[in-house]
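run.cif follows; it contains mmCIF, C-alpha atoms.
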data_my_file
loop_
_atom_site.label_atom_id
_atom_site.label_comp_id
_atom_site.auth_asym_id
_atom_site.auth_seq_id
_atom_site.Cartn_x
_atom_site.Cartn_y
_atom_site.Cartn_z
CA TRP A 1 178.36 67.47 85.23
CA TYR A 2 180.78 66.80 82.39
CA ASP A 3 181.27 63.93 79.96
CA ALA A 4 184.69 63.64 78.39
CA ALA A 5 183.42 61.96 75.23
CA ILE A 6 180.96 64.76 74.51
CA GLY A 7 183.57 67.33 75.43
CA LYS A 8 186.09 65.97 72.96
CA THR A 9 183.85 64.82 70.12
CA TRP A 10 181.23 67.59 70.22
CA ILE A 11 182.10 70.64 72.30
CA GLY A 12 185.74 70.52 71.22
CA ARG A 13 184.60 70.69 67.59
CA GLY A 14 182.51 73.80 68.14
CA GLY A 15 179.17 72.28 69.08
CA ALA A 16 176.84 73.81 71.67
CA TYR A 17 175.77 71.65 74.62
CA VAL A 18 172.61 72.42 76.58
CA GLN A 19 171.26 70.81 79.72
CA ALA A 20 167.57 71.52 80.28
CA TYR A 21 166.02 71.41 83.74
CA ILE A 22 162.28 71.33 83.20
CA ARG A 23 159.41 70.92 85.59
CA GLY A 24 158.59 67.32 86.35
CA GLY A 25 162.14 66.36 87.25
CA GLY A 26 163.45 65.83 90.74
CA GLU A 27 166.36 68.28 90.62
CA MET A 28 164.58 71.19 92.30
CA GLY A 29 162.70 69.31 94.97
CA PRO A 30 159.22 67.77 95.35
CA ASP A 31 157.24 70.84 94.25
CA TRP A 32 159.23 71.00 91.02
CA HIS A 33 158.32 67.40 90.32
CA LEU A 34 154.70 67.56 91.43
CA SER A 35 153.93 70.62 89.33
CA ALA A 36 154.19 68.50 86.15
CA LYS A 37 152.40 65.39 87.33
CA GLY A 38 149.00 64.37 86.01
CA ALA A 39 147.05 67.33 84.66
CA GLY A 40 150.17 69.50 84.90
CA ARG A 41 152.21 67.30 82.62
CA GLN A 42 152.11 69.75 79.77
CA ARG A 43 154.23 72.16 81.81
CA ALA A 44 157.19 69.83 81.26
CA PHE A 45 156.62 69.86 77.51
CA ALA A 46 156.21 73.63 77.40
CA ASP A 47 159.40 74.10 79.42
CA PHE A 48 161.41 71.92 77.08
CA ALA A 49 160.15 73.71 73.98
CA ALA A 50 160.92 77.02 75.69
CA VAL A 51 164.54 75.98 76.18
CA ALA A 52 164.82 75.25 72.46
CA ALA A 53 163.21 78.59 71.60
CA ASP A 54 165.57 80.41 73.95
CA LEU A 55 168.59 78.99 72.14
CA VAL A 56 167.34 80.70 69.00
CA ALA A 57 166.43 83.92 70.80
CA ARG A 58 169.95 84.13 72.24
CA GLY A 59 171.49 83.67 68.82
CA ILE A 60 173.21 80.42 69.80
CA THR A 61 171.73 78.44 66.93
CA ARG A 62 168.76 78.15 64.57
CA ALA A 63 165.69 75.99 65.05
CA ASP A 64 166.66 73.78 62.13
CA ARG A 65 169.97 73.07 63.89
CA ILE A 66 168.43 71.81 67.13
CA ALA A 67 167.90 68.11 67.76
CA CYS A 68 166.22 66.43 70.71
CA HIS A 69 166.49 62.82 71.84
CA GLY A 70 164.93 60.98 74.74
CA GLY A 71 164.20 57.42 75.72
CA SER A 72 161.28 55.83 77.57
CA ASN A 73 159.49 58.77 79.19
CA GLY A 74 161.97 60.93 77.30
CA GLY A 75 160.71 59.20 74.17
CA LEU A 76 157.25 60.49 75.05
CA LEU A 77 158.73 63.95 75.50
CA CYS A 78 160.31 63.82 72.05
CA GLY A 79 157.11 62.43 70.54
CA VAL A 80 155.31 65.48 71.91
CA MET A 81 158.02 67.79 70.56
CA LEU A 82 157.54 66.25 67.12
CA THR A 83 153.75 66.48 67.10
CA ARG A 84 153.15 69.71 69.04
CA TYR A 85 156.33 71.78 68.70
CA PRO A 86 157.82 70.75 65.35
CA ARG A 87 158.95 74.27 64.42
CA HIS A 88 161.37 74.36 67.33
CA PHE A 89 163.49 71.45 66.10
CA GLY A 90 165.54 70.35 63.13
CA ALA A 91 165.47 66.67 64.08
CA VAL A 92 163.70 64.49 66.65
CA TRP A 93 164.78 61.06 67.91
CA ALA A 94 162.27 59.22 70.12
CA SER A 95 163.61 55.99 71.65
CA VAL A 96 161.46 53.28 73.27
CA GLY A 97 158.84 55.94 73.95
CA VAL A 98 155.43 55.86 75.59
CA HIS A 99 153.39 57.18 72.66
CA ASP A 100 149.87 55.84 73.28
CA MET A 101 148.68 57.67 76.37
CA LEU A 102 145.19 56.14 76.21
CA ARG A 103 146.36 52.53 76.45
CA PHE A 104 149.70 52.59 78.25
CA ALA A 105 148.11 51.27 81.45
CA HIS A 106 146.88 48.16 79.62
CA PHE A 107 150.42 46.85 79.22
CA PRO A 108 152.09 44.97 82.10
CA ALA A 109 154.42 47.72 83.35
CA GLY A 110 152.15 50.62 82.44
CA LYS A 111 149.74 50.32 85.34
CA ALA A 112 152.47 51.58 87.66
CA TRP A 113 152.69 54.85 85.73
CA THR A 114 149.13 56.03 86.33
CA ASP A 115 150.24 57.92 89.44
CA GLU A 116 152.61 59.97 87.28
CA TYR A 117 150.53 60.48 84.15
CA GLY A 118 146.97 59.85 85.29
CA ASP A 119 144.64 56.91 84.68
CA PRO A 120 143.31 56.85 81.10
CA ASP A 121 140.23 54.99 82.35
CA ASP A 122 139.32 58.08 84.39
CA PRO A 123 137.35 60.43 82.07
CA LYS A 124 139.04 63.56 83.47
CA ALA A 125 142.52 62.15 83.10
CA ARG A 126 141.68 60.80 79.67
CA ASP A 127 141.00 64.33 78.44
CA TRP A 128 144.43 65.68 79.37
CA LEU A 129 146.20 62.51 78.22
CA LEU A 130 144.49 62.65 74.84
CA ALA A 131 145.51 66.30 74.46
CA TYR A 132 149.21 65.41 74.19
CA SER A 133 149.32 61.69 73.30
CA PRO A 134 151.73 61.58 70.31
CA LEU A 135 149.89 58.69 68.66
CA HIS A 136 146.64 60.64 68.63
CA ASN A 137 148.01 64.05 67.64
CA VAL A 138 149.98 63.52 64.44
CA PRO A 139 149.68 66.83 62.55
CA LYS A 140 149.04 67.23 58.86
CA GLY A 141 151.67 69.90 58.30
CA PRO A 142 155.43 69.54 57.76
CA LEU A 143 157.53 67.84 60.42
CA PRO A 144 161.30 67.75 60.98
CA PRO A 145 163.17 64.52 60.24
CA ALA A 146 162.25 61.90 62.83
CA LEU A 147 163.77 58.66 64.05
CA VAL A 148 161.58 56.31 66.11
CA ASP A 149 163.27 53.29 67.63
CA THR A 150 162.33 50.45 69.94
CA SER A 151 163.21 46.88 70.84
CA HIS A 152 161.07 43.85 70.20
CA ARG A 153 162.44 42.53 73.53
CA ASP A 154 161.34 45.57 75.52
CA ASP A 155 159.38 44.37 78.56
CA ARG A 156 159.07 47.85 80.06
CA VAL A 157 157.55 50.01 77.31
CA ASP A 158 155.80 47.72 74.89
CA PRO A 159 157.28 48.02 71.35
CA SER A 160 153.81 48.49 69.92
CA HIS A 161 153.97 52.11 71.16
CA SER A 162 156.77 52.93 68.74
CA ARG A 163 155.50 50.68 65.97
CA ARG A 164 152.07 52.29 65.96
CA PHE A 165 153.49 55.80 66.30
CA ALA A 166 155.74 55.28 63.29
CA ALA A 167 152.79 53.84 61.36
CA ALA A 168 150.61 56.82 62.33
CA LEU A 169 153.29 59.21 61.11
CA ARG A 170 153.42 57.41 57.79
CA ALA A 171 149.63 57.38 57.54
CA GLY A 172 149.77 61.16 58.04
CA GLY A 173 152.02 61.54 55.02
CA HIS A 174 155.34 61.80 56.89
CA ARG A 175 158.41 59.67 56.39
CA PRO A 176 160.01 58.72 59.72
CA PHE A 177 162.91 56.33 59.97
CA TYR A 178 161.96 53.37 62.15
CA TYR A 179 164.61 51.23 63.81
CA GLU A 180 163.97 48.11 65.90
CA HIS A 181 166.78 46.35 67.72
CA GLN A 182 167.08 43.33 70.00
CA GLY A 183 168.68 44.96 73.00
CA GLY A 184 165.74 45.37 75.35
CA HIS A 185 164.50 48.63 76.86
CA GLY A 186 167.98 50.07 77.39
CA GLY A 187 169.52 48.68 74.23
CA GLY A 188 172.23 46.70 76.01
CA GLY A 189 173.63 43.97 73.77
CA ALA A 190 171.68 45.16 70.75
CA LEU A 191 172.69 43.81 67.39
CA PRO A 192 174.09 46.37 64.94
CA ASP A 193 171.52 45.72 62.21
CA PRO A 194 167.89 46.77 62.51
CA VAL A 195 165.24 44.11 62.93
CA GLY A 196 162.72 46.18 61.06
CA GLN A 197 162.34 49.61 59.51
CA VAL A 198 159.56 51.50 57.81
CA GLU A 199 161.74 53.58 55.49
CA ASP A 200 165.13 53.45 53.86
CA PRO A 201 167.31 55.64 56.10
CA ARG A 202 168.83 57.37 53.07
CA GLU A 203 165.38 58.66 52.19
CA SER A 204 163.87 59.27 55.58
CA VAL A 205 166.41 60.97 57.82
CA GLY A 206 167.88 64.00 56.16
CA ARG A 207 167.35 67.70 56.02
CA GLY A 208 163.84 68.99 55.50
CA ASP A 209 160.36 67.63 56.02
CA HIS A 210 159.77 63.90 55.75
CA ARG A 211 156.82 64.54 53.53
CA ARG A 212 159.22 65.93 50.99
CA GLY A 213 162.19 63.92 52.31
CA GLY A 214 164.56 62.01 50.15
CA GLU A 215 167.37 64.46 50.14
CA GLY A 216 169.92 64.77 52.86
CA GLU A 217 172.66 62.75 54.39
CA GLN A 218 172.54 59.04 55.06
CA PRO A 219 172.38 58.53 58.82
CA GLN A 220 174.43 56.09 60.79
CA HIS A 221 172.57 53.47 62.77
CA PRO A 222 172.40 54.69 66.37
CA ARG A 223 174.69 53.05 68.85
CA ARG A 224 172.81 51.06 71.40
CA ARG A 225 172.95 51.79 75.08
CA GLY A 226 173.12 50.13 78.47
CA PRO A 227 170.55 49.33 81.17
CA PRO A 228 166.81 50.13 81.25
CA ASP A 229 165.24 53.56 81.37
CA ARG A 230 168.01 55.70 80.06
CA GLY A 231 167.65 58.80 77.98
CA ARG A 232 169.39 59.17 74.68
CA ARG A 233 170.03 62.04 72.45
CA VAL A 234 171.15 62.66 68.89
CA LEU A 235 173.36 65.57 69.85
CA PRO A 236 174.45 67.27 73.06
CA CYS A 237 171.65 66.89 75.51
CA ARG A 238 170.74 65.91 78.97
CA ARG A 239 168.07 63.94 80.79
CA ASP A 240 166.91 63.03 84.20
CA ARG A 241 167.71 60.18 86.55
CA ARG A 242 164.61 60.19 88.67
CA ALA A 243 161.55 61.87 87.26
CA GLY A 244 162.96 62.78 84.02
CA ASN A 245 164.97 65.85 83.23
CA ARG A 246 168.60 65.21 83.83
CA GLY A 247 170.08 62.62 81.55
CA ARG A 248 173.35 62.12 79.80
CA PRO A 249 174.89 62.67 76.43
CA ALA A 250 174.26 60.58 73.40
CA ARG A 251 176.03 57.34 72.71
CA ARG A 252 177.03 56.75 76.30
CA ARG A 253 176.57 53.33 77.92
CA GLY A 254 175.69 52.21 81.36
CA HIS A 255 173.51 54.80 83.09
CA ARG A 256 170.01 54.29 84.43
CA VAL A 257 167.05 56.58 84.88
CA GLU A 258 163.36 56.24 85.55
CA PRO A 259 160.87 56.14 82.67
CA ARG A 260 160.79 59.92 82.42
CA GLY A 261 163.30 62.12 80.77
CA ASP A 262 163.73 65.36 78.95
CA LEU A 263 166.64 66.64 77.00
CA VAL A 264 167.60 69.03 74.28
CA GLY A 265 170.55 69.20 71.94
CA ALA A 266 171.58 72.31 70.09
CA LEU A 267 173.46 71.87 66.85
CA ASP A 268 176.05 74.48 66.19
CA PRO A 269 175.14 77.17 63.62
CA VAL A 270 177.09 75.54 60.80
CA GLY A 271 175.48 72.19 61.42
CA ARG A 272 178.49 70.12 62.37
CA VAL A 273 177.58 66.68 63.64
#
For this file, write the structure as structure tokens.
Amino acid sequence: WYDAAIGKTWIGRGGAYVQAYIRGGGEMGPDWHLSAKGAGRQRAFADFAAVAADLVARGITRADRIACHGGSNGGLLCGVMLTRYPRHFGAVWASVGVHDMLRFAHFPAGKAWTDEYGDPDDPKARDWLLAYSPLHNVPKGPLPPALVDTSHRDDRVDPSHSRRFAAALRAGGHRPFYYEHQGGHGGGGALPDPVGQVEDPRESVGRGDHRRGGEGEQPQHPRRRGPPDRGRRVLPCRRDRRAGNRGRPARRRGHRVEPRGDLVGALDPVGRV
């Protein structure tokens, strides 16, 4: 798979592009997918973090030069990367993510996802969901710069997931940038200006921990995307079409995936964006 825009604007400028195939996706057949369903879900998260760690081990980049970005189920993935594996990443962008794993089934579309994640009303499933739910696992220590975005017109993943996750990060002493657009779950037709934000982007998305934040570069507002359930990424990455691990590069319109997705982007060693 190759995308000309990423090839010219990123790889051609010296950036490193990584496509992560993690358990839970459909690329390697049913067993590959089933191994990360329900109680096995954390295998997908561990695989993704392992890809990021391997980039460092191979000398391709440094942890503070790796960014990850995912939308919908990929937003959950990135929420978990931020709260459980923060030392592996230099930036995290979680779009329209499922961040409250104890209440997702109480929203209209969420009931259909209990087969994939587990039913939070089942005590056994509740235990494993609580163990990784981003909303319930915000750490006290330093975190990389984070961008959380959603749409107040999202009828697939309720925007309260992202709103409450951003608020929980702030309550924990962190300084995420929060962006809310009007383009629906996939961002199609979104207006260029944010509807709401919890921090000035010049102060919240830069280099270093958001607790200390304030320094760093002023980010550009993310370009919005096409139809529902697509994965997004800040830098070269990849996410899934079916159960979540394939995906496509950042800032690309018009592709569709299911509400799962995992991706990783490796910044080049000198940090070119």
If the PyMOL selection byres ((chain A and resi 143-148) around 6) is run on the structure shown, which residues does it catch, given as a compact mmCIF listing (two decimals) with C-alpha atoms, keeping the file's coordinate frame?
# COMPACT_ATOMS: atom_id res chain seq x y z
CA PRO A 86 157.82 70.75 65.35
CA GLY A 90 165.54 70.35 63.13
CA ALA A 91 165.47 66.67 64.08
CA VAL A 92 163.70 64.49 66.65
CA TRP A 93 164.78 61.06 67.91
CA ALA A 94 162.27 59.22 70.12
CA SER A 95 163.61 55.99 71.65
CA PRO A 142 155.43 69.54 57.76
CA ASP A 149 163.27 53.29 67.63
CA PRO A 176 160.01 58.72 59.72
CA PHE A 177 162.91 56.33 59.97
CA TYR A 178 161.96 53.37 62.15
CA VAL A 205 166.41 60.97 57.82
CA ASP A 209 160.36 67.63 56.02
CA HIS A 210 159.77 63.90 55.75
Within 12 Å of (161.2, 57.2, 71.7), all atoms listed in the file: residues as a ChimeraX atom specification?
/A:68-82,92-100,134-135,146-151,157-166,177-180,185-186,229-234,259-262
For this structure, which residues satisfy the selection - the PyMOL selection byres ((chain A and resi 172) around 8) - when it is evaluated on the file as given? I want them as an NGL selection string.
:A and (138-140 or 168-171 or 173-174)
Near segment 128-132 of chain A, within 9 Å and counting all atoms listed in the file, which residues show up once chain neighbours fewer than 5 positions away are dropped, as a compact mmCIF listing (two decimals) with C-alpha atoms, in the coordinates of the input?
# COMPACT_ATOMS: atom_id res chain seq x y z
CA GLY A 38 149.00 64.37 86.01
CA ALA A 39 147.05 67.33 84.66
CA GLY A 40 150.17 69.50 84.90
CA ARG A 41 152.21 67.30 82.62
CA GLN A 42 152.11 69.75 79.77
CA VAL A 80 155.31 65.48 71.91
CA THR A 83 153.75 66.48 67.10
CA ARG A 84 153.15 69.71 69.04
CA ASP A 100 149.87 55.84 73.28
CA MET A 101 148.68 57.67 76.37
CA LEU A 102 145.19 56.14 76.21
CA TYR A 117 150.53 60.48 84.15
CA GLY A 118 146.97 59.85 85.29
CA ASP A 119 144.64 56.91 84.68
CA PRO A 120 143.31 56.85 81.10
CA ASN A 137 148.01 64.05 67.64
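Across A:Ile11, A:Leu55, A:Ala167, A:Glu116, the tightest approach to Ala36 of chain A is made by A:Glu116 when counting only C-alpha atoms.
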